[in-house]
file run_29.pdb (PDB, C-alpha atoms, pLDDT in the B column)
ATOM      1  CA  MET A   6      -1.393 -15.231   5.367  1.00 50.00           C
ATOM      2  CA  ASN A   7       0.174 -11.814   4.865  1.00 52.00           C
ATOM      3  CA  GLU A   8      -1.591  -8.608   3.860  1.00 55.00           C
ATOM      4  CA  THR A   9      -0.659  -8.878   0.194  1.00 49.00           C
ATOM      5  CA  THR A  10      -1.927 -12.438  -0.082  1.00 53.00           C
ATOM      6  CA  ALA A  11      -5.181 -11.462   1.649  1.00 60.00           C
ATOM      7  CA  ALA A  12      -5.668  -8.506  -0.699  1.00 53.00           C
ATOM      8  CA  PHE A  13      -5.023 -10.748  -3.687  1.00 53.00           C
ATOM      9  CA  LEU A  14      -7.566 -13.308  -2.483  1.00 59.00           C
ATOM     10  CA  VAL A  15     -10.167 -10.588  -1.891  1.00 61.00           C
ATOM     11  CA  ALA A  16      -9.558  -9.318  -5.424  1.00 54.00           C
ATOM     12  CA  LEU A  17      -9.957 -12.793  -6.880  1.00 55.00           C
ATOM     13  CA  ILE A  18     -13.180 -13.430  -4.966  1.00 62.00           C
ATOM     14  CA  THR A  19     -14.550 -10.100  -6.192  1.00 59.00           C
ATOM     15  CA  LEU A  20     -13.654 -11.001  -9.766  1.00 56.00           C
ATOM     16  CA  VAL A  21     -15.378 -14.362  -9.391  1.00 62.00           C
ATOM     17  CA  THR A  22     -18.601 -12.693  -8.278  1.00 65.00           C
ATOM     18  CA  LYS A  23     -18.484  -9.947 -10.895  1.00 64.00           C
ATOM     19  CA  TYR A  24     -16.873 -11.500 -13.931  1.00 62.00           C
ATOM     20  CA  GLY A  25     -17.496 -15.192 -13.352  1.00 67.00           C
ATOM     21  CA  ILE A  26     -15.296 -18.196 -12.878  1.00 70.00           C
ATOM     22  CA  PRO A  27     -13.864 -18.446 -16.436  1.00 75.00           C
ATOM     23  CA  GLY A  28     -12.087 -15.097 -16.221  1.00 75.00           C
ATOM     24  CA  VAL A  29     -10.511 -15.937 -12.894  1.00 75.00           C
ATOM     25  CA  ILE A  30      -9.434 -19.381 -14.084  1.00 80.00           C
ATOM     26  CA  GLN A  31      -7.816 -17.716 -17.085  1.00 82.00           C
ATOM     27  CA  ILE A  32      -5.941 -15.262 -14.851  1.00 80.00           C
ATOM     28  CA  LEU A  33      -4.737 -18.069 -12.572  1.00 80.00           C
ATOM     29  CA  GLN A  34      -3.560 -20.078 -15.581  1.00 84.00           C
ATOM     30  CA  ASP A  35      -1.692 -17.057 -16.902  1.00 86.00           C
ATOM     31  CA  TRP A  36       0.019 -16.566 -13.572  1.00 83.00           C
ATOM     32  CA  LYS A  37       1.313 -20.140 -13.670  1.00 85.00           C
ATOM     33  CA  VAL A  38       3.312 -19.420 -16.829  1.00 86.00           C
ATOM     34  CA  ASP A  39       6.822 -18.721 -15.549  1.00 85.00           C
ATOM     35  CA  ASN A  40       8.688 -19.076 -18.828  1.00 89.00           C
ATOM     36  CA  PRO A  41       6.455 -17.820 -21.624  1.00 93.00           C
ATOM     37  CA  THR A  42       7.577 -18.729 -25.104  1.00 94.00           C
ATOM     38  CA  ILE A  43       7.457 -16.466 -28.145  1.00 94.00           C
ATOM     39  CA  GLU A  44       4.331 -18.397 -29.167  1.00 95.00           C
ATOM     40  CA  ASP A  45       2.708 -17.612 -25.788  1.00 95.00           C
ATOM     41  CA  ILE A  46       3.495 -13.930 -26.281  1.00 96.00           C
ATOM     42  CA  GLU A  47       2.234 -13.916 -29.861  1.00 96.00           C
ATOM     43  CA  ALA A  48      -1.000 -15.546 -28.636  1.00 95.00           C
ATOM     44  CA  LEU A  49      -1.632 -12.487 -26.442  1.00 96.00           C
ATOM     45  CA  LYS A  50      -2.428 -10.539 -29.623  1.00 96.00           C
ATOM     46  CA  LEU A  51      -5.512 -12.665 -30.272  1.00 95.00           C
ATOM     47  CA  ARG A  52      -6.914 -12.045 -26.816  1.00 94.00           C
ATOM     48  CA  VAL A  53      -7.625  -8.350 -27.338  1.00 96.00           C
ATOM     49  CA  PRO A  54      -9.749  -7.722 -30.442  1.00 96.00           C
ATOM     50  CA  LYS A  55     -10.858  -4.192 -31.328  1.00 97.00           C
ATOM     51  CA  PRO A  56     -13.600  -3.063 -28.941  1.00 97.00           C
ATOM     52  CA  GLU A  57     -16.266  -2.552 -31.616  1.00 96.00           C
ATOM     53  CA  THR A  58     -16.150  -6.256 -32.464  1.00 96.00           C
ATOM     54  CA  TYR A  59     -17.886  -7.065 -29.164  1.00 95.00           C
ATOM     55  CA  PHE A  60     -20.994  -5.176 -30.316  1.00 95.00           C
ATOM     56  CA  THR A  61     -21.249  -6.793 -33.726  1.00 88.00           C
ATOM     57  CA  LYS A  62     -21.302 -10.448 -32.622  1.00 68.00           C
TER      58      LYS A  62
ATOM     59  CA  MET B 735     -18.527  -1.087  -7.812  1.00 50.00           C
ATOM     60  CA  ARG B 736     -15.860   0.856  -5.971  1.00 53.00           C
ATOM     61  CA  ILE B 737     -14.676  -2.416  -4.460  1.00 51.00           C
ATOM     62  CA  GLN B 738     -14.573  -4.002  -7.904  1.00 56.00           C
ATOM     63  CA  LYS B 739     -12.480  -1.213  -9.405  1.00 58.00           C
ATOM     64  CA  ARG B 740     -10.245  -1.218  -6.358  1.00 57.00           C
ATOM     65  CA  SER B 741      -9.809  -4.974  -6.658  1.00 58.00           C
ATOM     66  CA  ILE B 742      -8.860  -4.715 -10.298  1.00 62.00           C
ATOM     67  CA  ALA B 743      -6.454  -1.948  -9.400  1.00 61.00           C
ATOM     68  CA  ILE B 744      -4.939  -4.203  -6.721  1.00 59.00           C
ATOM     69  CA  ILE B 745      -4.467  -7.032  -9.213  1.00 62.00           C
ATOM     70  CA  LEU B 746      -2.904  -4.705 -11.750  1.00 62.00           C
ATOM     71  CA  ALA B 747      -0.660  -3.217  -9.086  1.00 60.00           C
ATOM     72  CA  LEU B 748       0.417  -6.687  -7.981  1.00 58.00           C
ATOM     73  CA  THR B 749       1.202  -7.794 -11.500  1.00 61.00           C
ATOM     74  CA  LEU B 750       3.001  -4.529 -12.137  1.00 61.00           C
ATOM     75  CA  ALA B 751       5.016  -5.133  -8.971  1.00 58.00           C
ATOM     76  CA  VAL B 752       5.899  -8.612 -10.207  1.00 58.00           C
ATOM     77  CA  PHE B 753       6.980  -7.028 -13.452  1.00 59.00           C
ATOM     78  CA  MET B 754       9.060  -4.223 -11.948  1.00 57.00           C
ATOM     79  CA  VAL B 755      10.730  -5.857  -8.940  1.00 51.00           C
ATOM     80  CA  GLN B 756      13.654  -7.709 -10.419  1.00 46.00           C
ATOM     81  CA  GLY B 757      16.114  -8.070  -7.510  1.00 47.00           C
ATOM     82  CA  CYS B 758      19.687  -9.237  -7.809  1.00 49.00           C
ATOM     83  CA  ALA B 759      19.471 -12.003 -10.367  1.00 59.00           C
ATOM     84  CA  THR B 760      21.778 -13.115 -13.132  1.00 74.00           C
ATOM     85  CA  VAL B 761      21.301 -11.485 -16.524  1.00 73.00           C
ATOM     86  CA  GLN B 762      19.428 -14.532 -17.828  1.00 77.00           C
ATOM     87  CA  GLU B 763      17.267 -14.796 -14.706  1.00 79.00           C
ATOM     88  CA  ASN B 764      16.595 -11.087 -14.899  1.00 84.00           C
ATOM     89  CA  HIS B 765      15.563 -11.439 -18.535  1.00 87.00           C
ATOM     90  CA  ASN B 766      13.271 -14.370 -17.732  1.00 87.00           C
ATOM     91  CA  GLN B 767      11.666 -12.474 -14.847  1.00 89.00           C
ATOM     92  CA  ILE B 768      10.986  -9.429 -16.999  1.00 92.00           C
ATOM     93  CA  VAL B 769       9.452 -11.531 -19.775  1.00 94.00           C
ATOM     94  CA  ALA B 770       7.325 -13.542 -17.315  1.00 93.00           C
ATOM     95  CA  GLY B 771       6.229 -10.424 -15.432  1.00 91.00           C
ATOM     96  CA  GLY B 772       5.346  -8.618 -18.643  1.00 93.00           C
ATOM     97  CA  TYR B 773       3.434 -11.642 -19.892  1.00 94.00           C
ATOM     98  CA  LYS B 774       1.423 -11.991 -16.676  1.00 91.00           C
ATOM     99  CA  THR B 775       0.602  -8.290 -16.551  1.00 91.00           C
ATOM    100  CA  LEU B 776      -0.558  -8.155 -20.167  1.00 93.00           C
ATOM    101  CA  ALA B 777      -2.489 -11.430 -19.909  1.00 92.00           C
ATOM    102  CA  THR B 778      -4.314 -10.182 -16.799  1.00 89.00           C
ATOM    103  CA  ALA B 779      -5.120  -6.901 -18.541  1.00 90.00           C
ATOM    104  CA  ALA B 780      -6.414  -8.841 -21.573  1.00 92.00           C
ATOM    105  CA  THR B 781      -8.752 -10.960 -19.438  1.00 89.00           C
ATOM    106  CA  THR B 782     -10.052  -7.894 -17.613  1.00 87.00           C
ATOM    107  CA  TYR B 783     -10.676  -6.053 -20.914  1.00 91.00           C
ATOM    108  CA  GLU B 784     -12.365  -9.102 -22.439  1.00 90.00           C
ATOM    109  CA  SER B 785     -14.631  -9.562 -19.411  1.00 87.00           C
ATOM    110  CA  ALA B 786     -15.562  -5.886 -19.238  1.00 88.00           C
ATOM    111  CA  PHE B 787     -16.362  -5.567 -22.951  1.00 92.00           C
ATOM    112  CA  GLY B 788     -18.279  -8.845 -22.920  1.00 90.00           C
ATOM    113  CA  ALA B 789     -20.418  -7.465 -20.099  1.00 87.00           C
ATOM    114  CA  LEU B 790     -20.885  -4.105 -21.841  1.00 91.00           C
ATOM    115  CA  ALA B 791     -21.984  -5.859 -25.037  1.00 93.00           C
ATOM    116  CA  ASP B 792     -24.589  -7.830 -23.055  1.00 90.00           C
ATOM    117  CA  LEU B 793     -25.857  -4.596 -21.506  1.00 91.00           C
ATOM    118  CA  TYR B 794     -26.050  -2.913 -24.898  1.00 95.00           C
ATOM    119  CA  LYS B 795     -27.993  -5.788 -26.450  1.00 94.00           C
ATOM    120  CA  ALA B 796     -30.376  -5.700 -23.480  1.00 93.00           C
ATOM    121  CA  GLY B 797     -30.942  -1.971 -24.043  1.00 94.00           C
ATOM    122  CA  LEU B 798     -29.435  -1.054 -20.679  1.00 93.00           C
ATOM    123  CA  ILE B 799     -26.784   1.286 -22.094  1.00 94.00           C
ATOM    124  CA  SER B 800     -27.167   3.863 -24.854  1.00 95.00           C
ATOM    125  CA  ASP B 801     -25.279   4.314 -28.110  1.00 96.00           C
ATOM    126  CA  ASP B 802     -23.438   7.251 -26.537  1.00 97.00           C
ATOM    127  CA  VAL B 803     -22.197   5.104 -23.655  1.00 96.00           C
ATOM    128  CA  LYS B 804     -21.209   2.304 -26.025  1.00 96.00           C
ATOM    129  CA  ASN B 805     -19.356   4.725 -28.305  1.00 97.00           C
ATOM    130  CA  LYS B 806     -17.483   6.292 -25.402  1.00 97.00           C
ATOM    131  CA  ALA B 807     -16.517   2.840 -24.092  1.00 96.00           C
ATOM    132  CA  VAL B 808     -15.270   1.904 -27.566  1.00 97.00           C
ATOM    133  CA  GLU B 809     -13.240   5.129 -27.636  1.00 97.00           C
ATOM    134  CA  TYR B 810     -11.535   4.322 -24.308  1.00 97.00           C
ATOM    135  CA  GLY B 811     -11.182   0.694 -25.351  1.00 97.00           C
ATOM    136  CA  THR B 812      -9.470   1.698 -28.571  1.00 98.00           C
ATOM    137  CA  HIS B 813      -6.829   3.655 -26.641  1.00 97.00           C
ATOM    138  CA  PHE B 814      -6.224   0.571 -24.496  1.00 96.00           C
ATOM    139  CA  TRP B 815      -6.219  -1.716 -27.555  1.00 98.00           C
ATOM    140  CA  SER B 816      -3.517   0.359 -29.227  1.00 98.00           C
ATOM    141  CA  ALA B 817      -1.301   0.542 -26.121  1.00 97.00           C
ATOM    142  CA  TYR B 818      -1.782  -3.168 -25.405  1.00 97.00           C
ATOM    143  CA  HIS B 819      -0.700  -4.292 -28.872  1.00 98.00           C
ATOM    144  CA  THR B 820       2.304  -1.967 -28.761  1.00 97.00           C
ATOM    145  CA  ALA B 821       3.303  -3.514 -25.421  1.00 97.00           C
ATOM    146  CA  VAL B 822       2.878  -7.074 -26.750  1.00 97.00           C
ATOM    147  CA  GLU B 823       5.122  -6.232 -29.716  1.00 97.00           C
ATOM    148  CA  LEU B 824       7.730  -4.774 -27.359  1.00 96.00           C
ATOM    149  CA  LEU B 825       7.530  -7.825 -25.098  1.00 96.00           C
ATOM    150  CA  ALA B 826       8.073 -10.131 -28.077  1.00 96.00           C
ATOM    151  CA  SER B 827      10.987  -7.973 -29.190  1.00 95.00           C
ATOM    152  CA  TYR B 828      12.570  -7.907 -25.729  1.00 95.00           C
ATOM    153  CA  ALA B 829      12.118 -11.690 -25.357  1.00 94.00           C
ATOM    154  CA  LYS B 830      14.249 -12.103 -28.470  1.00 92.00           C
ATOM    155  CA  THR B 831      16.857  -9.369 -27.959  1.00 89.00           C
ATOM    156  CA  SER B 832      17.174  -8.708 -24.180  1.00 81.00           C
ATOM    157  CA  SER B 833      18.333  -5.202 -25.065  1.00 86.00           C
ATOM    158  CA  ALA B 834      18.290  -2.501 -22.397  1.00 87.00           C
ATOM    159  CA  GLU B 835      16.563  -0.149 -24.813  1.00 88.00           C
ATOM    160  CA  ASP B 836      13.736  -2.629 -25.390  1.00 89.00           C
ATOM    161  CA  GLU B 837      13.470  -3.208 -21.641  1.00 91.00           C
ATOM    162  CA  ALA B 838      13.006   0.504 -20.959  1.00 92.00           C
ATOM    163  CA  ARG B 839      10.417   0.853 -23.721  1.00 94.00           C
ATOM    164  CA  LEU B 840       8.614  -2.253 -22.492  1.00 94.00           C
ATOM    165  CA  ASN B 841       8.453  -0.867 -18.941  1.00 92.00           C
ATOM    166  CA  THR B 842       6.921   2.362 -20.202  1.00 93.00           C
ATOM    167  CA  ALA B 843       4.474   0.520 -22.456  1.00 95.00           C
ATOM    168  CA  VAL B 844       3.238  -1.802 -19.694  1.00 92.00           C
ATOM    169  CA  ILE B 845       2.671   1.131 -17.339  1.00 91.00           C
ATOM    170  CA  GLU B 846       0.703   2.873 -20.116  1.00 93.00           C
ATOM    171  CA  VAL B 847      -1.431  -0.263 -20.619  1.00 93.00           C
ATOM    172  CA  SER B 848      -2.283  -0.399 -16.911  1.00 88.00           C
ATOM    173  CA  LYS B 849      -3.093   3.320 -16.876  1.00 90.00           C
ATOM    174  CA  LEU B 850      -5.389   3.162 -19.919  1.00 92.00           C
ATOM    175  CA  LEU B 851      -7.161   0.068 -18.602  1.00 90.00           C
ATOM    176  CA  GLY B 852      -7.772   1.986 -15.377  1.00 87.00           C
ATOM    177  CA  VAL B 853      -9.218   4.931 -17.330  1.00 90.00           C
ATOM    178  CA  PHE B 854     -11.523   2.608 -19.260  1.00 91.00           C
ATOM    179  CA  LEU B 855     -12.688   0.825 -16.090  1.00 86.00           C
ATOM    180  CA  GLU B 856     -13.235   4.146 -14.352  1.00 85.00           C
ATOM    181  CA  TYR B 857     -15.703   5.021 -17.118  1.00 90.00           C
ATOM    182  CA  ALA B 858     -17.281   1.569 -17.569  1.00 88.00           C
ATOM    183  CA  GLY B 859     -17.479   0.673 -13.877  1.00 82.00           C
ATOM    184  CA  PRO B 860     -20.837   2.304 -13.064  1.00 83.00           C
ATOM    185  CA  TYR B 861     -22.458   0.628 -16.093  1.00 85.00           C
ATOM    186  CA  LEU B 862     -20.941  -2.762 -15.322  1.00 80.00           C
ATOM    187  CA  ALA B 863     -22.538  -2.560 -11.893  1.00 72.00           C
ATOM    188  CA  LYS B 864     -25.922  -2.817 -13.639  1.00 67.00           C
ATOM    189  CA  LYS B 865     -25.100  -6.312 -14.882  1.00 61.00           C
TER     190      LYS B 865
END
call {"tool": "encode", "arguments": {"input": "run_29.pdb", "output": "structure tokens"}}
result
Amino acid sequence: MNETTAAFLVALITLVTKYGIPGVIQILQDWKVDNPTIEDIEALKLRVPKPETYFTK
Amino acid sequence: MRIQKRSIAIILALTLAVFMVQGCATVQENHNQIVAGGYKTLATAATTYESAFGALADLYKAGLISDDVKNKAVEYGTHFWSAYHTAVELLASYAKTSSAEDEARLNTAVIEVSKLLGVFLEYAGPYLAKK
């Protein structure tokens, strides 16, 4: 295991403890996409709503 | 908290490196690498933003952060939101056109997204540690 891989694993473990498993699973799934389609890219728009919406749910 | 922010910075740096290091590939391979790298970087940023704002909303509902803190977080988040959506539009445009002009604008936009996410996390980090 090289230094970069180790740093990446440490970062993932930290994210698991702080943000929970779902966020990390999502990141890993995103990293598996090697040939994103236009639809994949368009779907990114839905993943970042305006910040105030989080406080009105 | 410092470790958390550093870890996020490491992930963003790694994804940015994936995005920027293109090597000696064919034009089509180069195009595919740029699109994939841009996608991964923006998707990682989106998940980080979503997680952080979800946590801040929980803290706000629990009365653990004030209106002032919430409003400031929304202000930083809005800057990120704007840069992120600009970058997604540029990525979609570059995926269709492969133009050098779009590539340069996309590079700049993705760097701006990473920078603004870092600014937001720098502010929100101490409050997220309460969760």
call {"tool": "interface_residues", "arguments": {"input": "run_29.pdb", "of": "chain B", "to": "chain A", "cutoff": "6 Å", "atoms": "only C-alpha atoms", "output": "list in words"}}
result
Ser741, Ala770, Lys774, Thr778, Ala780, Ala791, Val808 and Gly811 of chain B
call {"tool": "axis_aligned_box", "arguments": {"input": "run_29.pdb", "around": "range 847-860 of chain B", "padding_each_side": "6 Å", "output": "AutoDock Vina command-line options"}}
result
--center_x -11.1 --center_y 2.3 --center_z -16.8 --size_x 31.4 --size_y 17.4 --size_z 19.6
call {"tool": "atom_distance", "arguments": {"input": "run_29.pdb", "atom1": "CA of Val853 in chain B", "atom2": "CA of Gln767 in chain B"}}
result
27.3 Å
call {"tool": "closest_residue", "arguments": {"input": "run_29.pdb", "among": "B:Val761, B:Tyr773, B:Leu850, B:Ala786", "to": "Ala863 in chain B", "atoms": "all atoms listed in the file"}}
result
B:Ala786
call {"tool": "resolve_selection", "arguments": {"input": "run_29.pdb", "expression": "the PyMOL selection byres ((chain B and resi 854) around 8)", "output": "VMD selection string"}}
result
chain B and resid 807 810 to 811 814 850 to 853 855 to 858
call {"tool": "residues_around", "arguments": {"input": "run_29.pdb", "residues": "Asp836 in chain B", "least_positions_apart": "3", "cutoff": "12 Å", "atoms": "all atoms listed in the file", "output": "count of residues only"}}
result
23
call {"tool": "atom_distance", "arguments": {"input": "run_29.pdb", "atom1": "CA of Tyr861 in chain B", "atom2": "CA of Gly797 in chain B"}}
result
11.9 Å
call {"tool": "atom_distance", "arguments": {"input": "run_29.pdb", "atom1": "CA of Asn764 in chain B", "atom2": "CA of Ala834 in chain B"}}
result
11.5 Å
call {"tool": "decode", "arguments": {"input": "run_29.pdb", "residues": "range 21-60 of chain A", "atoms": "C-alpha atoms", "output": "mmCIF file, in the first residue's frame"}}
result
data_model
loop_
_atom_site.group_PDB
_atom_site.id
_atom_site.type_symbol
_atom_site.label_atom_id
_atom_site.label_comp_id
_atom_site.auth_asym_id
_atom_site.auth_seq_id
_atom_site.Cartn_x
_atom_site.Cartn_y
_atom_site.Cartn_z
ATOM 1 C CA VAL A 21 -17.475 6.943 7.781
ATOM 2 C CA THR A 22 -17.174 7.946 11.430
ATOM 3 C CA LYS A 23 -18.240 11.547 10.882
ATOM 4 C CA TYR A 24 -20.735 11.453 8.054
ATOM 5 C CA GLY A 25 -21.932 7.860 8.179
ATOM 6 C CA ILE A 26 -21.835 4.963 5.795
ATOM 7 C CA PRO A 27 -24.327 6.268 3.178
ATOM 8 C CA GLY A 28 -22.145 9.223 2.213
ATOM 9 C CA VAL A 29 -19.080 7.060 1.793
ATOM 10 C CA ILE A 30 -20.982 4.463 -0.225
ATOM 11 C CA GLN A 31 -22.195 7.264 -2.479
ATOM 12 C CA ILE A 32 -18.640 8.550 -2.978
ATOM 13 C CA LEU A 33 -17.357 5.051 -3.773
ATOM 14 C CA GLN A 34 -20.178 4.528 -6.274
ATOM 15 C CA ASP A 35 -19.366 7.842 -7.923
ATOM 16 C CA TRP A 36 -15.727 6.883 -8.229
ATOM 17 C CA LYS A 37 -16.685 3.705 -10.085
ATOM 18 C CA VAL A 38 -18.245 5.723 -12.910
ATOM 19 C CA ASP A 39 -15.521 5.844 -15.559
ATOM 20 C CA ASN A 40 -17.651 6.939 -18.495
ATOM 21 C CA PRO A 41 -20.374 9.245 -17.211
ATOM 22 C CA THR A 42 -23.181 9.918 -19.632
ATOM 23 C CA ILE A 43 -24.881 13.261 -20.198
ATOM 24 C CA GLU A 44 -27.717 11.920 -18.029
ATOM 25 C CA ASP A 45 -25.240 11.173 -15.205
ATOM 26 C CA ILE A 46 -23.910 14.721 -15.451
ATOM 27 C CA GLU A 47 -27.384 16.248 -15.557
ATOM 28 C CA ALA A 48 -28.274 14.220 -12.441
ATOM 29 C CA LEU A 49 -25.510 16.045 -10.545
ATOM 30 C CA LYS A 50 -27.716 19.155 -10.593
ATOM 31 C CA LEU A 51 -30.301 17.479 -8.366
ATOM 32 C CA ARG A 52 -27.737 16.552 -5.747
ATOM 33 C CA VAL A 53 -27.018 20.110 -4.625
ATOM 34 C CA PRO A 54 -30.197 21.981 -3.661
ATOM 35 C CA LYS A 55 -30.003 25.541 -2.332
ATOM 36 C CA PRO A 56 -28.660 25.518 1.230
ATOM 37 C CA GLU A 57 -31.743 27.094 2.823
ATOM 38 C CA THR A 58 -33.841 24.107 1.763
ATOM 39 C CA TYR A 59 -32.094 21.950 4.381
ATOM 40 C CA PHE A 60 -33.548 24.120 7.162
#
